[in-house]
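Novice: Shown below is the structure under consideration.
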Amino acid sequence: MSAAADPPARRGSTGKRTRSRAGTDLALWASLWASVVCGLGLVLSGLVGLADRAPAAGLLGLGVGCSAVAWLYARRARVPSQPPPGAIFVAACSAWCVMILISTAAYLVTGATGSLPDAVFESIAGFCTTNLSVLPQLESLPAGVLFWRALTQWLGGFAALALLAGALPLYVPALVLPGDNAGLPDRASAPPFATQLRRIAVVYGAVGGLCAAAYAIAGMGALDAFSYAFSTVSTGGFGNHPGGLGYFDSTAVESVATVFMALAGVSVVTLWWAVRGRWGVLWRSFELRAYLALLAVGIAAVTALTWSDGGPEALRRAAVAVTAVSSSTGFEPAGWSGWSWGAQAVVVALIATGGMAGTAGGGFQMRRAIAAARYAYRELVTEIHPHTVHVVKIGRRSVAERPLALLNGYQILFAAAVLAGVFGLSLAGMDLWGGATASISALATMGPAPGADLGALGGGERTVLAVLMALGRLSFFPLVVVAGGAVTGARRLLLAERSNGPRTHS
Amino acid sequence: MRRTFRGVSEFTLVPRAPRHENLSLHVVGLALLFLVPGMLIATLVEWGSATSDGEWPLLLAALITVAVGVILFRGFRPPDDVRPSDVFPVVVWTWLSCSLLGALPYVLDADFFGWSQWDSALFESISGFTASGSTVLVDIDTHGRGMLLWRQLTQWYGGMGMVVLAVSVLPLLGVGGQELMRAETPGPESDRLAPRISGTAKRLWLVYAGLTVVIAVALFAVPGVGLYDAVAHALTVAGTGGFSPYGGSIGHFESLAAELVMAGGMIAGAMSFSLHYRALRGDWRVYRRASDQMLFLKILASATAVITLLLWLRQGASFGLSLRDSFFNVVTLATSGGFHNIRPGGLGDFAAWTPPAQVVLGVLMLIGGGAGSTSGGMKVFRAQISAAHALRTVRLARRPRSVVPIKLGGAVIPEPAVGRVLAFGTLYIMSFGVGTLIVASLGADPVTAVSGVISALSNMGPALGEAGPSSNFTVFARPARLVLAGLMIVGRLEITAVFLGAAVIVRHLLRHR
């Protein structure tokens, strides 16, 4: 009898141990490789600093140390072949934490700031591709630090895309990377993670390089061109000078930024197929058409609502602002807090909507918005025709029921996070409108918000904004699952202690 | 075979014009006829009070309404079989017609709004029938008692719903009755209280009328509240409307007892009337079994506690005053009542409260009351299902192949019902987004626009910002008021009915073009 009862217990415990081992292995692997990449980034920043004859010993030392130590262990780290989603989420969160730790150390070592909270917040904002900078006197910082600051955003964007490729095909197959674009992989035929990562790196790097070249042609110096290119294609928004793009006072720079911000809001998958010469994909992508239509409508609406404040100049201003907010690139449009209420409301709506899925940008994203609207339409039709079978489609592709359920859950979490953010920010001292816009903007990984004074953030405001940024950057699920797991684990520990207590005592 | 009249073969009747089949116009006619007694009572009150000369507009409006009602009711008959798609236009047409003819007294009386302010009259009428309580009427106290009583009565009619009232006397409808009630009644399914759907509708209206009488008697017992005041307020408390014949609303009485009676009435109005009926039949434990109703009470208690602390600690008010004003305003906003208790030395102006307290109030406005009640908002059961679905989603993200049912009060909610709730959420966000963009584009500041749209969709009444309880909706531009009025109907009919009704009407028009 006991022999019959033993095997299932053994199988169960082995399975749990295997899952837990896979989680630990993957988290270690991701953290080590994140350290290697960050170390190399620091070395590159140090070299940039040296080229500019700025002090770079701290960056180089930290970079070499991080990358060398991590490389030694990363080579031997094992990668589980088919990790469960929970393990991927833990790995994503741990890699993010490691990157933030390294960046915090970099800011402190280089003396960019002497305050630990400032360094942590700057690092979180950087890797979350959000333009919420707290570093004072940007222009007095050494070139290496400025370059590293922009690089954190580029790496943050790349990591977000890697997470999409690595985790999301497992649980939202039809919603993000494999889309309605012709020839794209679905769940069954999805290419290996390494292939997807390589494709993303090619597209992301190529767009970044082109952007840097265009900025240089438009008149920027080399350091500014690369820094602004990194923060443009990653939809980050960090700049080397205060005042965003307005600092350059150049139509050419603004035009380049507008084009590349709009491109940053286009899915890397769509761009990949366009690069491969499959131009038809661009036209057949329903999501791309919807995104471009939204940009056009947004520009028209903002132009019309701000026409009295500058005439024809309003069109140029609206184009820059709308592409910046739609792609969640955090370049702050000049004077937007003084725009008419209608224009501000349009801008906030665009921030919340965001660009296409499969980008480094944030927000609710077009694909989710389209799927949610189609889902609501189906439910309306079902009210009239209760027995009909209606499949939700985006373009020509149907969306399975499980991703739709996840989408609806995402929508609820998004709305709840906005409300909680407004409450937290108002508790920390912000007014209602400022709190609402800042909350939406941080969640969409945009950063600046109309009507919100984010110049001198207190501790409470920073905490709320950091949580919102992280939730938005990691698409909720990894952070919520890990936090939920931590809470459940702590509860189990407490319960075990409670139940052990009297027994030990007796 | 054609329908016969009272069992007599139609060959024995005097030949008459054939009656066309049209369910919408038939029900609209009946609903309009129900408005006539209210108009006549208001006429008598206006005549008796001699405060102004509004009796003729009221009488004329009653005559026009009865004429239109009789023509539609007698001129059209319901079809032999009612399809699911037929019921939504009925609800939309009924609410539009009642709002239009309900505005007649306002436009016929030049001292009230007059023809020049037809849009304000329509806004006031829609705000009344949807039991919202937002007003564009200034110097309320100066108007005649009869006209103000009609304004109160519109909220009483709208509280339980004109279509439910029509269904209660329409045994002819047969199949469509339940669908009609479901389309208008807030909640997941209309709870059957009697074998026939008309019996259910009658019982609901009886409980509603009984609650109104109880509130009126309780208010009349409060020192300083006259009979007219008690009846007028009872009509809008039971319907969780928010209109008051005084500009100072409940603050006019400066009475804690009146506030407590009204808060009790609003809480009763924001809970399911089916449950009230079952409780009156002796099953008092029915409330404990309804998880959403119990959660609603817990939400009220928690929000009162949080806001009391915020007012006490952050605004420096005394604890007693904070508790009194937070309780009344939490109740009035969570039940979508929309009254206010601004008085000297009080904290009734919630638009001036500390911002976190206003955020809590905004969330209460969004959630609303219990299913099957007269309150607005998205309803507690939808919030429950949405929260449960969000938690389920997190589990699904971790274990993609797991199957997690959603349970409320121990019962598994069927997936189609969950789907309807999720779609409602999307439609709510869309309506909110589009409404806010239009209202803000028409000049309202964002806090006023956002809270005004939430207030309209939740049938609340006052909003935050410039449209707070110490002000009114005249702060919005005139086109924006019409948008808000439309949103009130959208919110009262819980979005789906309006979208589907509009779609069916447009399809019908295109087909017969």
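Going through the structure tokens in order, the chains are called A, B, and so on, while each chain numbers its residues from 1 and the ligands are numbered from 1 in the order shown.
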Wanna dump the stretch 202-275 of chain A-stretch 143-162 of chain A contacts at 10 Å for me, each residue with its shortest atom pair and the distance in Å to one decimal, counting only C-alpha atoms, ordered by chain and number, as JSON lines?
Specialist:
{"residue": "A:Tyr204", "atom": "CA", "partner": "A:Phe158", "partner_atom": "CA", "distance": 7.6}
{"residue": "A:Gly205", "atom": "CA", "partner": "A:Phe158", "partner_atom": "CA", "distance": 9.4}
{"residue": "A:Gly208", "atom": "CA", "partner": "A:Trp154", "partner_atom": "CA", "distance": 8.9}
{"residue": "A:Leu223", "atom": "CA", "partner": "A:Phe147", "partner_atom": "CA", "distance": 7.2}
{"residue": "A:Asp224", "atom": "CA", "partner": "A:Phe147", "partner_atom": "CA", "distance": 8.5}
{"residue": "A:Phe226", "atom": "CA", "partner": "A:Phe147", "partner_atom": "CA", "distance": 7.8}
{"residue": "A:Ser227", "atom": "CA", "partner": "A:Ala150", "partner_atom": "CA", "distance": 5.1}
{"residue": "A:Tyr228", "atom": "CA", "partner": "A:Ala150", "partner_atom": "CA", "distance": 7.2}
{"residue": "A:Ala229", "atom": "CA", "partner": "A:Ala150", "partner_atom": "CA", "distance": 8.5}
{"residue": "A:Phe230", "atom": "CA", "partner": "A:Trp154", "partner_atom": "CA", "distance": 5.2}
{"residue": "A:Ser231", "atom": "CA", "partner": "A:Ala150", "partner_atom": "CA", "distance": 5.7}
{"residue": "A:Thr232", "atom": "CA", "partner": "A:Trp154", "partner_atom": "CA", "distance": 8.6}
{"residue": "A:Val233", "atom": "CA", "partner": "A:Trp154", "partner_atom": "CA", "distance": 7.4}
{"residue": "A:Ser234", "atom": "CA", "partner": "A:Gly157", "partner_atom": "CA", "distance": 4.9}
{"residue": "A:Thr235", "atom": "CA", "partner": "A:Gly157", "partner_atom": "CA", "distance": 7.5}
{"residue": "A:Gly236", "atom": "CA", "partner": "A:Gln153", "partner_atom": "CA", "distance": 5.6}
{"residue": "A:Gly237", "atom": "CA", "partner": "A:Gln153", "partner_atom": "CA", "distance": 8.2}
{"residue": "A:Phe238", "atom": "CA", "partner": "A:Ala150", "partner_atom": "CA", "distance": 6.2}
{"residue": "A:Gly239", "atom": "CA", "partner": "A:Ala150", "partner_atom": "CA", "distance": 7.4}
{"residue": "A:Asn240", "atom": "CA", "partner": "A:Leu146", "partner_atom": "CA", "distance": 6.3}
{"residue": "A:His241", "atom": "CA", "partner": "A:Leu146", "partner_atom": "CA", "distance": 9.7}
{"residue": "A:Ser267", "atom": "CA", "partner": "A:Leu161", "partner_atom": "CA", "distance": 9.9}
{"residue": "A:Val268", "atom": "CA", "partner": "A:Leu161", "partner_atom": "CA", "distance": 8.5}
Novice: Would you kindly return, as number ranges by chain, each protein, DNA or RNA residue with an atom no farther than 9 Å from any atom of B:Asp111, considering only C-alpha atoms and excluding same-chain residues fewer than 3 positions away?
Specialist: B: 54, 106-108, 114, 143
Novice: Go through chain A residue by residue and, counting only C-alpha atoms, keep those with an atom at most 8 Å from chain B; for each kept residue give the shortest atom pair and its distance in Å to one decimal, ordered by chain and increasing number, as a Markdown table.
Specialist:
| residue | atom | partner | partner_atom | distance |
| --- | --- | --- | --- | --- |
| A:Pro84 | CA | B:Arg398 | CA | 7.8 |
| A:Pro85 | CA | B:Arg398 | CA | 5.4 |
| A:Gly86 | CA | B:Arg398 | CA | 5.1 |
| A:Leu170 | CA | B:Pro400 | CA | 7.8 |
| A:Tyr171 | CA | B:Pro400 | CA | 5.9 |
| A:Leu305 | CA | B:Ser441 | CA | 7.5 |
| A:Ser340 | CA | B:Gly443 | CA | 7.7 |
| A:Trp341 | CA | B:Ala440 | CA | 5.6 |
| A:Gly342 | CA | B:Ser441 | CA | 3.7 |
| A:Ala343 | CA | B:Ser441 | CA | 7.1 |
| A:Ala345 | CA | B:Leu437 | CA | 5.9 |
| A:Val346 | CA | B:Leu437 | CA | 6.4 |
| A:Ala349 | CA | B:Gly433 | CA | 7.5 |
| A:Ala372 | CA | B:Thr426 | CA | 6.7 |
| A:Ala373 | CA | B:Thr426 | CA | 7.0 |
| A:Tyr375 | CA | B:Ala423 | CA | 6.7 |
| A:Ala376 | CA | B:Ala423 | CA | 4.3 |
| A:Tyr377 | CA | B:Ala423 | CA | 7.9 |
| A:Glu379 | CA | B:Arg420 | CA | 6.1 |
| A:Leu380 | CA | B:Thr496 | CA | 6.9 |
| A:Glu383 | CA | B:Pro84 | CA | 7.8 |
| A:Ile384 | CA | B:Ser85 | CA | 5.2 |
| A:His385 | CA | B:Pro84 | CA | 7.7 |
| A:Ala405 | CA | B:Thr393 | CA | 7.0 |
| A:Leu406 | CA | B:Thr393 | CA | 5.4 |
| A:Asn408 | CA | B:Leu422 | CA | 6.6 |
| A:Gly409 | CA | B:Ala390 | CA | 4.4 |
| A:Tyr410 | CA | B:Ala390 | CA | 7.2 |
| A:Ile412 | CA | B:Ala390 | CA | 6.2 |
| A:Leu413 | CA | B:Ala390 | CA | 6.4 |
| A:Leu419 | CA | B:Val363 | CA | 7.9 |
| A:Val422 | CA | B:Val359 | CA | 7.3 |
| A:Phe423 | CA | B:Pro356 | CA | 5.5 |
| A:Gly424 | CA | B:Pro356 | CA | 7.7 |
| A:Ser426 | CA | B:Pro356 | CA | 5.2 |
| A:Leu427 | CA | B:Pro356 | CA | 5.4 |
| A:Met430 | CA | B:Pro355 | CA | 7.9 |
| A:Asp431 | CA | B:Pro355 | CA | 6.2 |
| A:Leu432 | CA | B:Pro355 | CA | 6.0 |
| A:Trp433 | CA | B:Val447 | CA | 6.0 |
| A:Phe477 | CA | B:Val394 | CA | 6.3 |
| A:Val480 | CA | B:Val394 | CA | 7.2 |
| A:Val481 | CA | B:Val394 | CA | 6.3 |
Novice: Measuring atom to atom with only C-alpha atoms, identify which of B:Leu464, B:Leu23, B:Ala230, B:Ile489 is nearest to B:Ser431.
Specialist: B:Ile489
Novice: With distances taken over only C-alpha atoms, which residue among B:Asn472, B:Gln293, B:Asn22, B:Thr43 lies nearest B:Leu72?
Specialist: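 Using only C-alpha atoms, B:Leu72 sits closest to B:Asn22.
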Novice: Compare A:Val43, A:Leu479, A:Ala194, A:Leu407 by their minimum atom-to-atom distance to A:Ser94, counting only C-alpha atoms, and give me the closest one.
Specialist: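 When distances to A:Ser94 are compared using only C-alpha atoms, the smallest one comes from A:Leu479.
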Novice: Using only C-alpha atoms, which protein or nucleic acid residues come within 9 Å of stretch 91-104 of chain B? Drop anything in the same chain fewer than 2 positions from it, and give the result as a VMD selection string.
Specialist: chain B and resid 24 to 25 27 to 29 31 to 32 35 39 57 to 58 60 to 62 64 to 65 87 to 89 106 to 109 118 121 to 130 150 to 151 154 158 161 to 163 180 183 to 184 489 493 497 to 498 501 to 502
Novice: In Å, how far is it from atom CA of B:Ala238 to atom CA of B:Leu33?
Specialist: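 Interatomic distance here is 22.0 Å.
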Novice: Can you list, as a PDB file with C-alpha atoms, in the first residue's frame, every protein, DNA or RNA residue that comes within 7 Å of A:Phe364 when you count only C-alpha atoms, leaving out same-chain residues fewer than 6 positions away?
Specialist:
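Once written, result.pdb looks like this:
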ATOM      1  CA  ALA A 352      -2.477  55.768 -22.746  1.00  0.00           C
ATOM      2  CA  THR A 353      -3.062  54.128 -26.136  1.00  0.00           C
ATOM      3  CA  GLY A 354       0.604  53.875 -27.131  1.00  0.00           C
TER       4      GLY A 354
END
Novice: Tell me, as a compact mmCIF listing (two decimals) with C-alpha atoms, in the first residue's frame, which residues lie within 10 Å of stretch 248-264 of chain B, counting only C-alpha atoms; anything in the same chain fewer than 2 positions away does not count.
Specialist:
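Resulting contents of result_35.txt:
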# COMPACT_ATOMS: atom_id res chain seq x y z
CA ILE B 140 -34.05 76.64 -7.85
CA ASP B 141 -35.88 77.93 -4.78
CA ILE B 215 -38.81 57.39 3.44
CA ALA B 216 -41.43 60.13 3.15
CA ALA B 218 -39.51 59.03 8.18
CA LEU B 219 -38.51 62.40 6.73
CA PHE B 220 -41.82 63.97 7.78
CA ALA B 221 -41.07 62.84 11.33
CA VAL B 222 -37.85 64.86 11.33
CA PRO B 223 -38.34 68.30 12.92
CA GLY B 224 -38.20 71.09 10.37
CA VAL B 225 -39.20 68.98 7.37
CA ASP B 229 -40.35 68.52 1.46
CA ALA B 230 -40.68 64.97 2.77
CA HIS B 233 -37.21 64.28 -1.32
CA ALA B 234 -38.55 60.76 -0.80
CA THR B 236 -35.67 61.24 -5.43
CA VAL B 237 -34.09 59.34 -2.52
CA ALA B 238 -35.81 56.07 -3.46
CA THR B 240 -31.23 57.60 -5.94
CA GLY B 242 -30.40 63.70 -6.39
CA PHE B 243 -32.81 66.49 -7.33
CA SER B 244 -34.02 68.69 -4.50
CA PRO B 245 -36.52 71.55 -4.58
CA TYR B 246 -33.89 73.59 -2.76
CA MET B 266 -30.29 55.83 -0.49
CA ILE B 267 -28.61 52.67 0.80
CA ALA B 268 -31.94 50.82 0.53
CA GLY B 269 -32.42 52.22 -2.97
CA ALA B 270 -28.94 51.11 -4.00
CA ARG B 324 -20.66 62.92 9.57
CA ASP B 325 -19.73 64.52 6.27
CA PHE B 327 -20.52 59.18 5.71
CA PHE B 328 -23.21 61.24 4.02
CA ASN B 329 -21.11 62.05 0.98
CA VAL B 330 -19.77 58.51 0.63
CA VAL B 331 -23.35 57.23 0.67
CA THR B 332 -24.62 59.85 -1.74
CA THR B 335 -25.36 55.06 -4.33
CA GLY B 337 -27.68 59.72 -5.19
CA GLY B 338 -26.02 63.03 -5.85
CA PHE B 339 -27.45 65.09 -2.97
CA HIS B 340 -25.15 67.38 -1.04
CA ASN B 341 -25.12 68.72 2.50
CA ILE B 342 -23.26 71.99 2.16
CA ARG B 343 -24.07 74.06 5.24
CA PRO B 344 -22.35 76.72 7.37
CA GLY B 346 -19.72 71.86 7.56
CA GLY B 348 -20.20 69.23 2.53
CA PRO B 469 -21.80 70.30 -5.35
CA SER B 470 -21.59 74.04 -4.71
Novice: Can you tell me how far atom CA of A:Ser439 sits from atom CA of A:Val418, in Å to one decimal?
Specialist: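 Those two atoms sit 5.8 Å apart.
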Novice: Write out as a VMD selection string which residues come within 9 Å of A:Trp96 when counting only C-alpha atoms, dropping same-chain ones fewer than 3 positions away.
Specialist: chain A and resid 31 34 91 to 93 99 to 101 124 127 156 159
Novice: What lies within 10 Å of A:Ala301 using only C-alpha atoms, ignoring chain neighbours under 2 positions off, as a PyMOL selection string?
Specialist: (chain A and resi 295-299+303-307+315+318+322+342-343+346-347) or (chain B and resi 441)
Novice: Write the residues of the selection above to a file with N, CA, C and O atoms, as a PDB file, in the first residue's frame.
Specialist:
ATOM      1  N   LEU A 295      -2.056  58.267 -35.600  1.00  0.00           N
ATOM      2  CA  LEU A 295      -1.107  59.386 -35.654  1.00  0.00           C
ATOM      3  C   LEU A 295      -1.713  60.555 -36.431  1.00  0.00           C
ATOM      4  O   LEU A 295      -1.647  61.704 -35.990  1.00  0.00           O
ATOM      5  N   ALA A 296      -2.304  60.232 -37.590  1.00  0.00           N
ATOM      6  CA  ALA A 296      -2.869  61.296 -38.437  1.00  0.00           C
ATOM      7  C   ALA A 296      -4.000  62.023 -37.716  1.00  0.00           C
ATOM      8  O   ALA A 296      -4.061  63.261 -37.698  1.00  0.00           O
ATOM      9  N   VAL A 297      -4.895  61.251 -37.101  1.00  0.00           N
ATOM     10  CA  VAL A 297      -6.025  61.868 -36.399  1.00  0.00           C
ATOM     11  C   VAL A 297      -5.510  62.687 -35.213  1.00  0.00           C
ATOM     12  O   VAL A 297      -5.982  63.811 -34.954  1.00  0.00           O
ATOM     13  N   GLY A 298      -4.519  62.144 -34.503  1.00  0.00           N
ATOM     14  CA  GLY A 298      -3.964  62.854 -33.350  1.00  0.00           C
ATOM     15  C   GLY A 298      -3.336  64.168 -33.760  1.00  0.00           C
ATOM     16  O   GLY A 298      -3.564  65.209 -33.133  1.00  0.00           O
ATOM     17  N   ILE A 299      -2.553  64.130 -34.860  1.00  0.00           N
ATOM     18  CA  ILE A 299      -1.902  65.364 -35.322  1.00  0.00           C
ATOM     19  C   ILE A 299      -2.958  66.387 -35.744  1.00  0.00           C
ATOM     20  O   ILE A 299      -2.877  67.575 -35.394  1.00  0.00           O
ATOM     21  N   THR A 303      -3.425  69.848 -33.791  1.00  0.00           N
ATOM     22  CA  THR A 303      -3.238  71.064 -34.598  1.00  0.00           C
ATOM     23  C   THR A 303      -4.467  71.965 -34.505  1.00  0.00           C
ATOM     24  O   THR A 303      -4.354  73.173 -34.279  1.00  0.00           O
ATOM     25  N   ALA A 304      -5.629  71.353 -34.670  1.00  0.00           N
ATOM     26  CA  ALA A 304      -6.862  72.152 -34.637  1.00  0.00           C
ATOM     27  C   ALA A 304      -7.059  72.795 -33.265  1.00  0.00           C
ATOM     28  O   ALA A 304      -7.466  73.955 -33.166  1.00  0.00           O
ATOM     29  N   LEU A 305      -6.761  72.041 -32.218  1.00  0.00           N
ATOM     30  CA  LEU A 305      -7.033  72.551 -30.869  1.00  0.00           C
ATOM     31  C   LEU A 305      -5.973  73.539 -30.390  1.00  0.00           C
ATOM     32  O   LEU A 305      -6.179  74.217 -29.384  1.00  0.00           O
ATOM     33  N   THR A 306      -4.815  73.606 -31.089  1.00  0.00           N
ATOM     34  CA  THR A 306      -3.790  74.586 -30.681  1.00  0.00           C
ATOM     35  C   THR A 306      -3.531  75.609 -31.784  1.00  0.00           C
ATOM     36  O   THR A 306      -2.547  76.336 -31.745  1.00  0.00           O
ATOM     37  N   TRP A 307      -4.416  75.641 -32.779  1.00  0.00           N
ATOM     38  CA  TRP A 307      -4.225  76.529 -33.935  1.00  0.00           C
ATOM     39  C   TRP A 307      -4.174  77.996 -33.497  1.00  0.00           C
ATOM     40  O   TRP A 307      -3.373  78.792 -33.994  1.00  0.00           O
ATOM     41  N   LEU A 315       1.046  72.936 -36.656  1.00  0.00           N
ATOM     42  CA  LEU A 315       1.131  71.632 -37.335  1.00  0.00           C
ATOM     43  C   LEU A 315       2.468  70.954 -37.024  1.00  0.00           C
ATOM     44  O   LEU A 315       2.511  69.772 -36.667  1.00  0.00           O
ATOM     45  N   ALA A 318       2.522  69.948 -33.441  1.00  0.00           N
ATOM     46  CA  ALA A 318       1.642  68.801 -33.193  1.00  0.00           C
ATOM     47  C   ALA A 318       2.270  67.509 -33.695  1.00  0.00           C
ATOM     48  O   ALA A 318       2.169  66.462 -33.047  1.00  0.00           O
ATOM     49  N   VAL A 322       2.762  64.567 -31.112  1.00  0.00           N
ATOM     50  CA  VAL A 322       1.928  63.374 -31.244  1.00  0.00           C
ATOM     51  C   VAL A 322       2.779  62.125 -31.473  1.00  0.00           C
ATOM     52  O   VAL A 322       2.523  61.067 -30.890  1.00  0.00           O
ATOM     53  N   GLY A 342      -8.588  70.637 -24.322  1.00  0.00           N
ATOM     54  CA  GLY A 342      -8.903  69.580 -25.289  1.00  0.00           C
ATOM     55  C   GLY A 342      -7.634  68.940 -25.833  1.00  0.00           C
ATOM     56  O   GLY A 342      -7.516  67.718 -25.939  1.00  0.00           O
ATOM     57  N   ALA A 343      -6.637  69.798 -26.179  1.00  0.00           N
ATOM     58  CA  ALA A 343      -5.377  69.270 -26.725  1.00  0.00           C
ATOM     59  C   ALA A 343      -4.671  68.417 -25.675  1.00  0.00           C
ATOM     60  O   ALA A 343      -4.118  67.352 -25.989  1.00  0.00           O
ATOM     61  N   VAL A 346      -6.373  65.068 -25.501  1.00  0.00           N
ATOM     62  CA  VAL A 346      -6.016  64.224 -26.652  1.00  0.00           C
ATOM     63  C   VAL A 346      -4.635  63.606 -26.434  1.00  0.00           C
ATOM     64  O   VAL A 346      -4.416  62.406 -26.658  1.00  0.00           O
ATOM     65  N   VAL A 347      -3.705  64.429 -25.961  1.00  0.00           N
ATOM     66  CA  VAL A 347      -2.338  63.948 -25.745  1.00  0.00           C
ATOM     67  C   VAL A 347      -2.328  62.833 -24.692  1.00  0.00           C
ATOM     68  O   VAL A 347      -1.669  61.799 -24.870  1.00  0.00           O
TER      69      VAL A 347
ATOM     70  N   SER B 441     -12.617  69.189 -25.143  1.00  0.00           N
ATOM     71  CA  SER B 441     -12.403  69.998 -26.345  1.00  0.00           C
ATOM     72  C   SER B 441     -13.375  71.170 -26.408  1.00  0.00           C
ATOM     73  O   SER B 441     -13.094  72.174 -27.055  1.00  0.00           O
TER      74      SER B 441
END
Novice: Give me every alpha helix (DSSP H) residue in stretch 170-292 of chain B, going by DSSP on the backbone, as number ranges by chain.
Specialist: B: 176-184, 197-220, 227-238, 256-269, 273-280, 286-289, 291-292
Novice: Mind giving me the straight-line distance from atom CA of A:Ala27 to atom CA of A:Val90 in Å, one decimal?
Specialist: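 A separation of 6.1 Å between them.
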Novice: Give me, as a ChimeraX atom specification, the residues of stretch 334-438 of chain A that a backbone DSSP run labels strand (DSSP E or B).
Specialist: /A:393-394,397-398
Novice: Could you write out that same residue set with C-alpha atoms as a compact mmCIF listing (two decimals), in the first residue's frame?
Specialist:
# COMPACT_ATOMS: atom_id res chain seq x y z
CA LYS A 393 -9.98 38.76 -35.71
CA ILE A 394 -7.22 41.28 -36.14
CA ARG A 397 -5.90 36.42 -38.29
CA SER A 398 -8.19 35.08 -35.62
Novice: Let me make sure I understand: among B:Gly409, B:Leu309, B:Asp53, B:Val167, which one has the smallest atom-to-atom distance to B:Ala110 if we use only C-alpha atoms?
Specialist: B:Asp53
